[in-house]
file upload-v6.tsv (TSV, C-alpha atoms)
chain	number	residue	atom	x	y	z
A	1	ASN	CA	10.82	-13.77	-9.27
A	2	GLU	CA	7.11	-14.45	-9.21
A	3	THR	CA	5.78	-16.16	-6.14
A	4	ASN	CA	2.35	-17.71	-6.32
A	5	VAL	CA	0.22	-15.74	-3.90
A	6	GLU	CA	-2.60	-17.91	-2.58
A	7	MET	CA	-3.92	-16.12	0.49
A	8	PHE	CA	-3.06	-12.64	1.59
A	9	SER	CA	-3.81	-10.30	4.44
A	10	LEU	CA	-2.40	-7.06	5.79
A	11	GLN	CA	-1.53	-9.10	8.89
A	12	ALA	CA	1.13	-10.99	6.87
A	13	TYR	CA	2.95	-7.77	5.86
A	14	PRO	CA	5.86	-7.50	4.97
A	15	GLN	CA	5.21	-10.77	3.11
A	16	PRO	CA	5.17	-11.38	0.15
A	17	PHE	CA	7.18	-8.22	-0.55
A	18	THR	CA	10.15	-9.63	1.34
A	19	SER	CA	9.99	-13.14	-0.11
A	20	SER	CA	13.16	-12.41	-2.09
A	21	PRO	CA	16.42	-12.04	-0.12
A	22	THR	CA	17.26	-8.79	-1.96
A	23	LEU	CA	13.72	-7.38	-2.36
A	24	ASP	CA	14.18	-7.64	-6.14
A	25	ASN	CA	10.53	-8.65	-6.44
A	26	THR	CA	9.17	-5.32	-5.14
A	27	THR	CA	8.81	-1.81	-6.54
A	28	PHE	CA	7.86	1.26	-4.52
A	29	VAL	CA	5.64	3.59	-6.58
A	30	LEU	CA	6.07	7.20	-5.46
A	31	PRO	CA	5.40	10.72	-6.71
A	32	SER	CA	8.51	12.18	-8.32
A	33	ASP	CA	8.33	15.50	-6.48
A	34	ASP	CA	6.93	14.97	-2.98
A	35	LEU	CA	9.72	14.72	-0.41
A	36	ALA	CA	7.29	14.08	2.45
A	37	VAL	CA	5.94	10.95	0.71
A	38	TRP	CA	9.52	9.81	0.01
A	39	GLN	CA	10.31	10.13	3.73
A	40	VAL	CA	7.38	7.86	4.59
A	41	ALA	CA	8.52	5.41	1.89
A	42	LEU	CA	12.02	5.37	3.36
A	43	GLN	CA	10.60	4.47	6.77
A	44	LEU	CA	8.59	1.61	5.26
A	45	ALA	CA	11.54	0.37	3.18
A	46	PHE	CA	13.84	0.49	6.20
A	47	GLU	CA	11.37	-1.44	8.35
A	48	MET	CA	10.74	-3.92	5.54
A	49	GLY	CA	14.46	-4.57	5.19
A	50	ARG	CA	14.94	-4.80	8.97
A	51	LYS	CA	12.09	-7.28	9.44
A	52	ALA	CA	13.36	-9.44	6.58
A	53	ASN	CA	17.01	-9.09	7.67
A	54	ILE	CA	18.02	-7.74	4.26
A	55	SER	CA	21.70	-6.84	3.94
A	56	LEU	CA	21.72	-5.86	0.25
A	57	SER	CA	18.63	-4.47	-1.46
A	58	ASP	CA	17.54	-4.38	-5.09
A	59	LEU	CA	14.29	-2.60	-4.29
A	60	ALA	CA	13.04	-0.60	-7.29
A	61	VAL	CA	11.32	2.79	-7.42
A	62	SER	CA	8.87	4.01	-10.03
A	63	PHE	CA	7.11	7.34	-10.41
A	64	GLY	CA	3.89	5.64	-11.52
A	65	ASP	CA	4.15	6.44	-15.22
A	66	GLU	CA	5.46	2.96	-16.00
A	67	VAL	CA	5.88	0.13	-13.53
A	68	ASP	CA	7.61	-3.20	-13.85
A	69	GLN	CA	4.65	-5.55	-14.15
A	70	SER	CA	6.75	-8.48	-12.96
A	71	ARG	CA	7.11	-7.13	-9.38
A	72	HIS	CA	4.91	-6.63	-6.35
A	73	LEU	CA	4.02	-2.95	-5.80
A	74	VAL	CA	3.96	-0.74	-2.73
A	75	VAL	CA	2.17	2.46	-3.74
A	76	LEU	CA	2.37	5.53	-1.50
A	77	GLY	CA	0.79	8.96	-1.71
A	78	ILE	CA	-2.36	11.02	-1.83
A	79	PRO	CA	-4.81	9.15	-4.12
A	80	SER	CA	-5.72	12.10	-6.36
A	81	GLU	CA	-2.01	12.86	-6.87
A	82	THR	CA	-0.85	9.26	-7.44
A	83	LYS	CA	-0.56	8.52	-11.16
A	84	ILE	CA	-1.06	4.75	-10.95
A	85	ILE	CA	-4.30	4.76	-8.93
A	86	PRO	CA	-6.58	4.85	-12.03
A	87	GLN	CA	-4.82	1.74	-13.39
A	88	LEU	CA	-5.22	-0.08	-10.07
A	89	SER	CA	-8.69	1.09	-9.10
A	90	LYS	CA	-10.64	-1.77	-10.70
A	91	ALA	CA	-8.56	-4.31	-8.76
A	92	MET	CA	-8.75	-2.50	-5.41
A	93	PRO	CA	-11.12	-3.76	-2.68
A	94	LEU	CA	-12.42	-0.18	-2.40
A	95	PRO	CA	-11.46	1.88	-5.44
A	96	PHE	CA	-10.86	5.60	-5.55
A	97	ALA	CA	-12.73	7.78	-8.03
A	98	ALA	CA	-10.61	10.02	-10.23
A	99	ASP	CA	-9.40	13.07	-8.33
A	100	ALA	CA	-10.85	11.75	-5.04
A	101	ASN	CA	-8.96	11.20	-1.80
A	102	ALA	CA	-11.44	8.80	-0.19
A	103	PRO	CA	-12.54	5.41	-1.51
A	104	VAL	CA	-15.88	5.00	-3.20
A	105	GLU	CA	-18.30	3.31	-0.83
A	106	ASN	CA	-19.34	-0.14	-2.04
A	107	ASN	CA	-22.84	-1.32	-1.18
A	108	GLU	CA	-21.65	-4.95	-1.38
A	109	LEU	CA	-19.25	-4.49	1.54
A	110	PRO	CA	-20.44	-4.16	5.15
A	111	LEU	CA	-18.60	-0.87	5.70
A	112	ASP	CA	-20.05	2.42	6.78
A	113	PHE	CA	-17.63	5.33	6.64
A	114	ARG	CA	-18.25	7.53	9.65
A	115	VAL	CA	-15.20	9.70	9.28
A	116	PRO	CA	-15.66	13.48	9.26
A	117	GLU	CA	-14.64	15.00	5.93
A	118	THR	CA	-12.06	17.18	7.68
A	119	ALA	CA	-10.36	14.25	9.46
A	120	ASP	CA	-6.89	13.08	8.43
A	121	VAL	CA	-7.33	9.46	7.35
A	122	GLY	CA	-5.03	6.78	5.96
A	123	TYR	CA	-6.04	3.83	3.81
A	124	LEU	CA	-4.31	0.48	3.39
A	125	GLU	CA	-5.41	-1.89	0.64
A	126	LEU	CA	-3.83	-5.16	-0.41
A	127	PHE	CA	-4.90	-6.79	-3.67
A	128	ARG	CA	-3.75	-8.69	-6.74
A	129	THR	CA	-2.33	-6.51	-9.50
A	130	PRO	CA	-4.65	-6.13	-12.50
A	131	TRP	CA	-2.03	-7.55	-14.86
A	132	ASN	CA	-0.81	-10.58	-12.88
A	133	GLU	CA	-2.80	-12.54	-10.28
A	134	ASN	CA	0.43	-13.85	-8.73
A	135	LEU	CA	1.59	-10.36	-7.76
A	136	LEU	CA	0.22	-8.07	-5.08
A	137	ALA	CA	-0.12	-4.35	-4.74
A	138	LEU	CA	-0.19	-2.64	-1.36
A	139	THR	CA	-1.50	0.91	-1.36
A	140	VAL	CA	-0.49	3.12	1.55
A	141	LEU	CA	-2.58	6.22	0.96
A	142	GLY	CA	-3.87	9.18	2.89
A	143	ASN	CA	-6.31	12.00	2.28
A	144	SER	CA	-3.50	14.23	3.63
A	145	GLN	CA	0.15	13.88	4.57
A	146	THR	CA	-0.93	13.12	8.15
A	147	GLY	CA	-3.33	10.45	6.88
A	148	LEU	CA	-0.53	8.88	4.82
A	149	GLU	CA	1.75	8.82	7.87
A	150	GLN	CA	-1.02	7.16	9.92
A	151	ALA	CA	-1.46	4.45	7.26
A	152	ALA	CA	2.29	3.75	7.21
A	153	SER	CA	2.40	3.74	11.01
A	154	ALA	CA	-0.24	0.98	11.05
A	155	LEU	CA	2.24	-1.20	9.16
A	156	ILE	CA	5.32	-0.21	11.18
A	157	ASP	CA	4.00	-0.02	14.76
A	158	PRO	CA	3.78	-3.60	16.14
A	159	GLN	CA	0.68	-2.90	18.24
A	160	ALA	CA	-1.21	-1.33	15.32
A	161	HIS	CA	0.04	-3.99	12.89
A	162	ASN	CA	-1.36	-6.76	15.10
A	163	GLN	CA	-4.83	-5.23	14.66
A	164	LEU	CA	-4.71	-5.43	10.86
A	165	TRP	CA	-6.82	-8.13	9.21
A	166	GLY	CA	-8.08	-8.70	5.72
A	167	ASN	CA	-7.19	-6.59	2.74
A	168	PHE	CA	-8.48	-3.12	3.70
A	169	ALA	CA	-7.90	-0.88	6.70
A	170	ILE	CA	-8.63	2.70	7.65
A	171	ALA	CA	-6.11	4.43	9.92
A	172	ASP	CA	-6.83	7.62	11.80
A	173	ALA	CA	-5.44	9.30	14.89
A	174	GLY	CA	-7.55	7.13	17.20
A	175	GLN	CA	-7.10	3.69	15.67

call {"tool": "encode", "arguments": {"input": "upload-v6.tsv", "output": "structure tokens"}}
result
Amino acid sequence: NETNVEMFSLQAYPQPFTSSPTLDNTTFVLPSDDLAVWQVALQLAFEMGRKANISLSDLAVSFGDEVDQSRHLVVLGIPSETKIIPQLSKAMPLPFAADANAPVENNELPLDFRVPETADVGYLELFRTPWNENLLALTVLGNSQTGLEQAASALIDPQAHNQLWGNFAIADAGQ
């Protein structure tokens, strides 16, 4: 079910995750014991299926220990609590250090984080998986549950989604 992924942007979401009529090319990677993250994942999965007009889904779920490396990934959670983040970090536009809930600033990118440490912030990153350049991973992360919900909302809310460009976005209460 591989689809060659040439160009990609958060603006194109829910593509390529919905390129299969049953979503059998996508795995959601979730913590096994965090109901609040599962609720956010359900909202995203529902919206993904609605936008793609899916009537029967074969969407997979993984707890991050082992993932099917032949599928696109949608990873949700708090970075320091998400088991797969260390495996993905080298491929991410802005990686997360071990046990950190904010990305490591990269001097090569023209970004300056001006977010107070106490602010609830969400992070969206879209990138090729480290094991297959034809597959993408989308991380929907937050430094808190509120931050995670803000990141997911940026994908679900049409007005916020229209403001997404590129492969990295920060979502907070104001934008």

call {"tool": "atom_distance", "arguments": {"input": "upload-v6.tsv", "atom1": "CA of Arg50 in chain A", "atom2": "CA of Gly147 in chain A"}}
result
23.9 Å

call {"tool": "closest_residue", "arguments": {"input": "upload-v6.tsv", "among": "A:Ala119, A:Val75, A:Leu56, A:Leu23", "to": "Ala41 in chain A", "atoms": "all atoms listed in the file"}}
result
A:Val75

call {"tool": "closest_residue", "arguments": {"input": "upload-v6.tsv", "among": "A:Tyr123, A:Tyr13, A:Trp131, A:Phe8", "to": "His161 in chain A", "atoms": "all atoms listed in the file"}}
result
A:Tyr13

call {"tool": "residues_around", "arguments": {"input": "upload-v6.tsv", "residues": "Val61 in chain A", "least_positions_apart": "4", "cutoff": "10 Å", "atoms": "only C-alpha atoms", "output": "tab-separated table (two decimals) with C-alpha atoms, in the frame of the given file"}}
result
chain	number	residue	atom	x	y	z
A	26	THR	CA	9.17	-5.32	-5.14
A	27	THR	CA	8.81	-1.81	-6.54
A	28	PHE	CA	7.86	1.26	-4.52
A	29	VAL	CA	5.64	3.59	-6.58
A	30	LEU	CA	6.07	7.20	-5.46
A	31	PRO	CA	5.40	10.72	-6.71
A	32	SER	CA	8.51	12.18	-8.32
A	67	VAL	CA	5.88	0.13	-13.53
A	68	ASP	CA	7.61	-3.20	-13.85
A	73	LEU	CA	4.02	-2.95	-5.80
A	74	VAL	CA	3.96	-0.74	-2.73
A	75	VAL	CA	2.17	2.46	-3.74

call {"tool": "residues_around", "arguments": {"input": "upload-v6.tsv", "residues": "Asn53 in chain A", "least_positions_apart": "3", "cutoff": "12 Å", "atoms": "all atoms listed in the file", "output": "ChimeraX atom specification"}}
result
/A:14,18-23,45-50,56-57

call {"tool": "residues_around", "arguments": {"input": "upload-v6.tsv", "residues": "Ser153 in chain A", "least_positions_apart": "6", "cutoff": "12 Å", "atoms": "all atoms listed in the file", "output": "list of chain:residue names"}}
result
A:Val40, A:Ala41, A:Gln43, A:Leu44, A:Glu47, A:Val121, A:Gly122, A:Tyr123, A:Leu124, A:Val140, A:Leu141, A:Gly142, A:Thr146, A:Gly147, A:Gln159, A:Ala160, A:His161, A:Asn162, A:Leu164, A:Ile170, A:Ala171, A:Asp172, A:Ala173, A:Gln175

call {"tool": "write_last_selection", "arguments": {"input": "upload-v6.tsv", "atoms": "C-alpha atoms", "output": "PDB file, in the frame of the given file"}}
result
ATOM      1  CA  VAL A  40       7.380   7.860   4.590  1.00  0.00           C
ATOM      2  CA  ALA A  41       8.520   5.410   1.890  1.00  0.00           C
ATOM      3  CA  GLN A  43      10.600   4.470   6.770  1.00  0.00           C
ATOM      4  CA  LEU A  44       8.590   1.610   5.260  1.00  0.00           C
ATOM      5  CA  GLU A  47      11.370  -1.440   8.350  1.00  0.00           C
ATOM      6  CA  VAL A 121      -7.330   9.460   7.350  1.00  0.00           C
ATOM      7  CA  GLY A 122      -5.030   6.780   5.960  1.00  0.00           C
ATOM      8  CA  TYR A 123      -6.040   3.830   3.810  1.00  0.00           C
ATOM      9  CA  LEU A 124      -4.310   0.480   3.390  1.00  0.00           C
ATOM     10  CA  VAL A 140      -0.490   3.120   1.550  1.00  0.00           C
ATOM     11  CA  LEU A 141      -2.580   6.220   0.960  1.00  0.00           C
ATOM     12  CA  GLY A 142      -3.870   9.180   2.890  1.00  0.00           C
ATOM     13  CA  THR A 146      -0.930  13.120   8.150  1.00  0.00           C
ATOM     14  CA  GLY A 147      -3.330  10.450   6.880  1.00  0.00           C
ATOM     15  CA  GLN A 159       0.680  -2.900  18.240  1.00  0.00           C
ATOM     16  CA  ALA A 160      -1.210  -1.330  15.320  1.00  0.00           C
ATOM     17  CA  HIS A 161       0.040  -3.990  12.890  1.00  0.00           C
ATOM     18  CA  ASN A 162      -1.360  -6.760  15.100  1.00  0.00           C
ATOM     19  CA  LEU A 164      -4.710  -5.430  10.860  1.00  0.00           C
ATOM     20  CA  ILE A 170      -8.630   2.700   7.650  1.00  0.00           C
ATOM     21  CA  ALA A 171      -6.110   4.430   9.920  1.00  0.00           C
ATOM     22  CA  ASP A 172      -6.830   7.620  11.800  1.00  0.00           C
ATOM     23  CA  ALA A 173      -5.440   9.300  14.890  1.00  0.00           C
ATOM     24  CA  GLN A 175      -7.100   3.690  15.670  1.00  0.00           C
TER      25      GLN A 175
END

call {"tool": "atom_distance", "arguments": {"input": "upload-v6.tsv", "atom1": "CA of Glu105 in chain A", "atom2": "CA of Ser80 in chain A"}}
result
16.3 Å

call {"tool": "decode", "arguments": {"input": "upload-v6.tsv", "residues": "range 27-75 of chain A", "atoms": "N, CA and C atoms", "output": "compact mmCIF listing (two decimals), in the first residue's frame"}}
result
# COMPACT_ATOMS: atom_id res chain seq x y z
N THR A 27 -1.30 3.98 10.47
CA THR A 27 -1.34 3.50 11.85
C THR A 27 -1.30 4.71 12.79
N PHE A 28 -2.20 4.73 13.76
CA PHE A 28 -2.14 5.71 14.83
C PHE A 28 -1.25 5.12 15.92
N VAL A 29 -0.30 5.90 16.40
CA VAL A 29 0.61 5.47 17.46
C VAL A 29 0.22 6.25 18.71
N LEU A 30 -0.23 5.51 19.74
CA LEU A 30 -0.79 6.12 20.94
C LEU A 30 -0.20 5.50 22.19
N PRO A 31 -0.25 6.22 23.32
CA PRO A 31 0.12 5.58 24.59
C PRO A 31 -0.95 4.55 24.96
N SER A 32 -0.55 3.48 25.59
CA SER A 32 -1.50 2.42 25.91
C SER A 32 -2.44 2.79 27.05
N ASP A 33 -2.08 3.77 27.85
CA ASP A 33 -2.83 4.00 29.09
C ASP A 33 -3.26 5.45 29.32
N ASP A 34 -3.43 6.23 28.26
CA ASP A 34 -3.80 7.63 28.42
C ASP A 34 -5.10 7.89 27.67
N LEU A 35 -6.21 7.79 28.37
CA LEU A 35 -7.53 7.95 27.77
C LEU A 35 -7.70 9.31 27.11
N ALA A 36 -7.14 10.36 27.69
CA ALA A 36 -7.29 11.70 27.11
C ALA A 36 -6.63 11.78 25.73
N VAL A 37 -5.49 11.14 25.54
CA VAL A 37 -4.84 11.12 24.23
C VAL A 37 -5.68 10.30 23.26
N TRP A 38 -6.24 9.18 23.73
CA TRP A 38 -7.11 8.36 22.87
C TRP A 38 -8.33 9.15 22.40
N GLN A 39 -8.88 10.01 23.26
CA GLN A 39 -10.03 10.82 22.86
C GLN A 39 -9.66 11.79 21.75
N VAL A 40 -8.47 12.38 21.83
CA VAL A 40 -8.00 13.27 20.77
C VAL A 40 -7.79 12.47 19.49
N ALA A 41 -7.22 11.28 19.60
CA ALA A 41 -7.00 10.41 18.44
C ALA A 41 -8.32 10.04 17.78
N LEU A 42 -9.34 9.76 18.58
CA LEU A 42 -10.65 9.44 18.02
C LEU A 42 -11.21 10.60 17.22
N GLN A 43 -11.04 11.81 17.73
CA GLN A 43 -11.50 13.00 16.99
C GLN A 43 -10.79 13.11 15.65
N LEU A 44 -9.47 12.92 15.66
CA LEU A 44 -8.70 13.00 14.42
C LEU A 44 -9.11 11.89 13.45
N ALA A 45 -9.25 10.67 13.96
CA ALA A 45 -9.63 9.54 13.10
C ALA A 45 -11.02 9.76 12.50
N PHE A 46 -11.94 10.25 13.32
CA PHE A 46 -13.29 10.52 12.82
C PHE A 46 -13.25 11.56 11.70
N GLU A 47 -12.53 12.66 11.94
CA GLU A 47 -12.45 13.72 10.94
C GLU A 47 -11.73 13.24 9.68
N MET A 48 -10.70 12.41 9.87
CA MET A 48 -9.98 11.85 8.73
C MET A 48 -10.92 11.01 7.87
N GLY A 49 -11.68 10.14 8.52
CA GLY A 49 -12.63 9.30 7.81
C GLY A 49 -13.74 10.09 7.16
N ARG A 50 -14.21 11.14 7.84
CA ARG A 50 -15.27 11.99 7.28
C ARG A 50 -14.78 12.72 6.05
N LYS A 51 -13.59 13.32 6.13
CA LYS A 51 -13.06 14.08 5.00
C LYS A 51 -12.79 13.19 3.80
N ALA A 52 -12.41 11.94 4.05
CA ALA A 52 -12.09 11.02 2.96
C ALA A 52 -13.30 10.18 2.56
N ASN A 53 -14.44 10.40 3.23
CA ASN A 53 -15.66 9.65 2.94
C ASN A 53 -15.44 8.14 3.07
N ILE A 54 -14.84 7.75 4.18
CA ILE A 54 -14.53 6.35 4.45
C ILE A 54 -15.76 5.69 5.06
N SER A 55 -16.18 4.57 4.52
CA SER A 55 -17.32 3.85 5.09
C SER A 55 -16.88 2.65 5.91
N LEU A 56 -15.73 2.07 5.59
CA LEU A 56 -15.19 0.93 6.32
C LEU A 56 -13.71 1.16 6.52
N SER A 57 -13.26 1.13 7.77
CA SER A 57 -11.87 1.48 8.07
C SER A 57 -11.05 0.28 8.51
N ASP A 58 -9.80 0.26 8.06
CA ASP A 58 -8.82 -0.72 8.50
C ASP A 58 -7.63 0.02 9.12
N LEU A 59 -7.93 1.10 9.80
CA LEU A 59 -6.94 1.92 10.48
C LEU A 59 -6.33 1.09 11.60
N ALA A 60 -5.02 1.11 11.74
CA ALA A 60 -4.34 0.33 12.78
C ALA A 60 -3.94 1.24 13.94
N VAL A 61 -3.73 0.61 15.10
CA VAL A 61 -3.27 1.31 16.29
C VAL A 61 -2.06 0.56 16.84
N SER A 62 -1.07 1.33 17.26
CA SER A 62 0.12 0.76 17.88
C SER A 62 0.39 1.54 19.16
N PHE A 63 1.03 0.89 20.11
CA PHE A 63 1.38 1.57 21.35
C PHE A 63 2.79 2.12 21.31
N GLY A 64 3.45 2.05 20.16
CA GLY A 64 4.77 2.65 20.00
C GLY A 64 5.92 1.70 20.26
N ASP A 65 5.66 0.53 20.82
CA ASP A 65 6.73 -0.43 21.04
C ASP A 65 7.22 -0.95 19.69
N GLU A 66 6.25 -1.40 18.88
CA GLU A 66 6.54 -1.88 17.54
C GLU A 66 5.49 -1.29 16.61
N VAL A 67 5.95 -0.76 15.49
CA VAL A 67 5.01 -0.21 14.51
C VAL A 67 5.21 -0.93 13.19
N ASP A 68 4.15 -0.99 12.43
CA ASP A 68 4.20 -1.56 11.09
C ASP A 68 4.94 -0.56 10.20
N GLN A 69 6.12 -0.93 9.77
CA GLN A 69 6.95 -0.01 9.01
C GLN A 69 6.54 0.08 7.54
N SER A 70 5.39 -0.49 7.21
CA SER A 70 4.88 -0.38 5.84
C SER A 70 3.66 0.54 5.78
N ARG A 71 3.43 1.33 6.83
CA ARG A 71 2.29 2.25 6.89
C ARG A 71 2.75 3.65 7.26
N HIS A 72 1.94 4.64 6.86
CA HIS A 72 2.12 6.00 7.35
C HIS A 72 1.78 5.99 8.84
N LEU A 73 2.35 6.93 9.59
CA LEU A 73 2.10 7.01 11.03
C LEU A 73 1.49 8.35 11.41
N VAL A 74 0.56 8.30 12.35
CA VAL A 74 0.04 9.49 13.01
C VAL A 74 0.32 9.25 14.49
N VAL A 75 1.26 10.01 15.05
CA VAL A 75 1.73 9.82 16.41
C VAL A 75 1.16 10.92 17.29
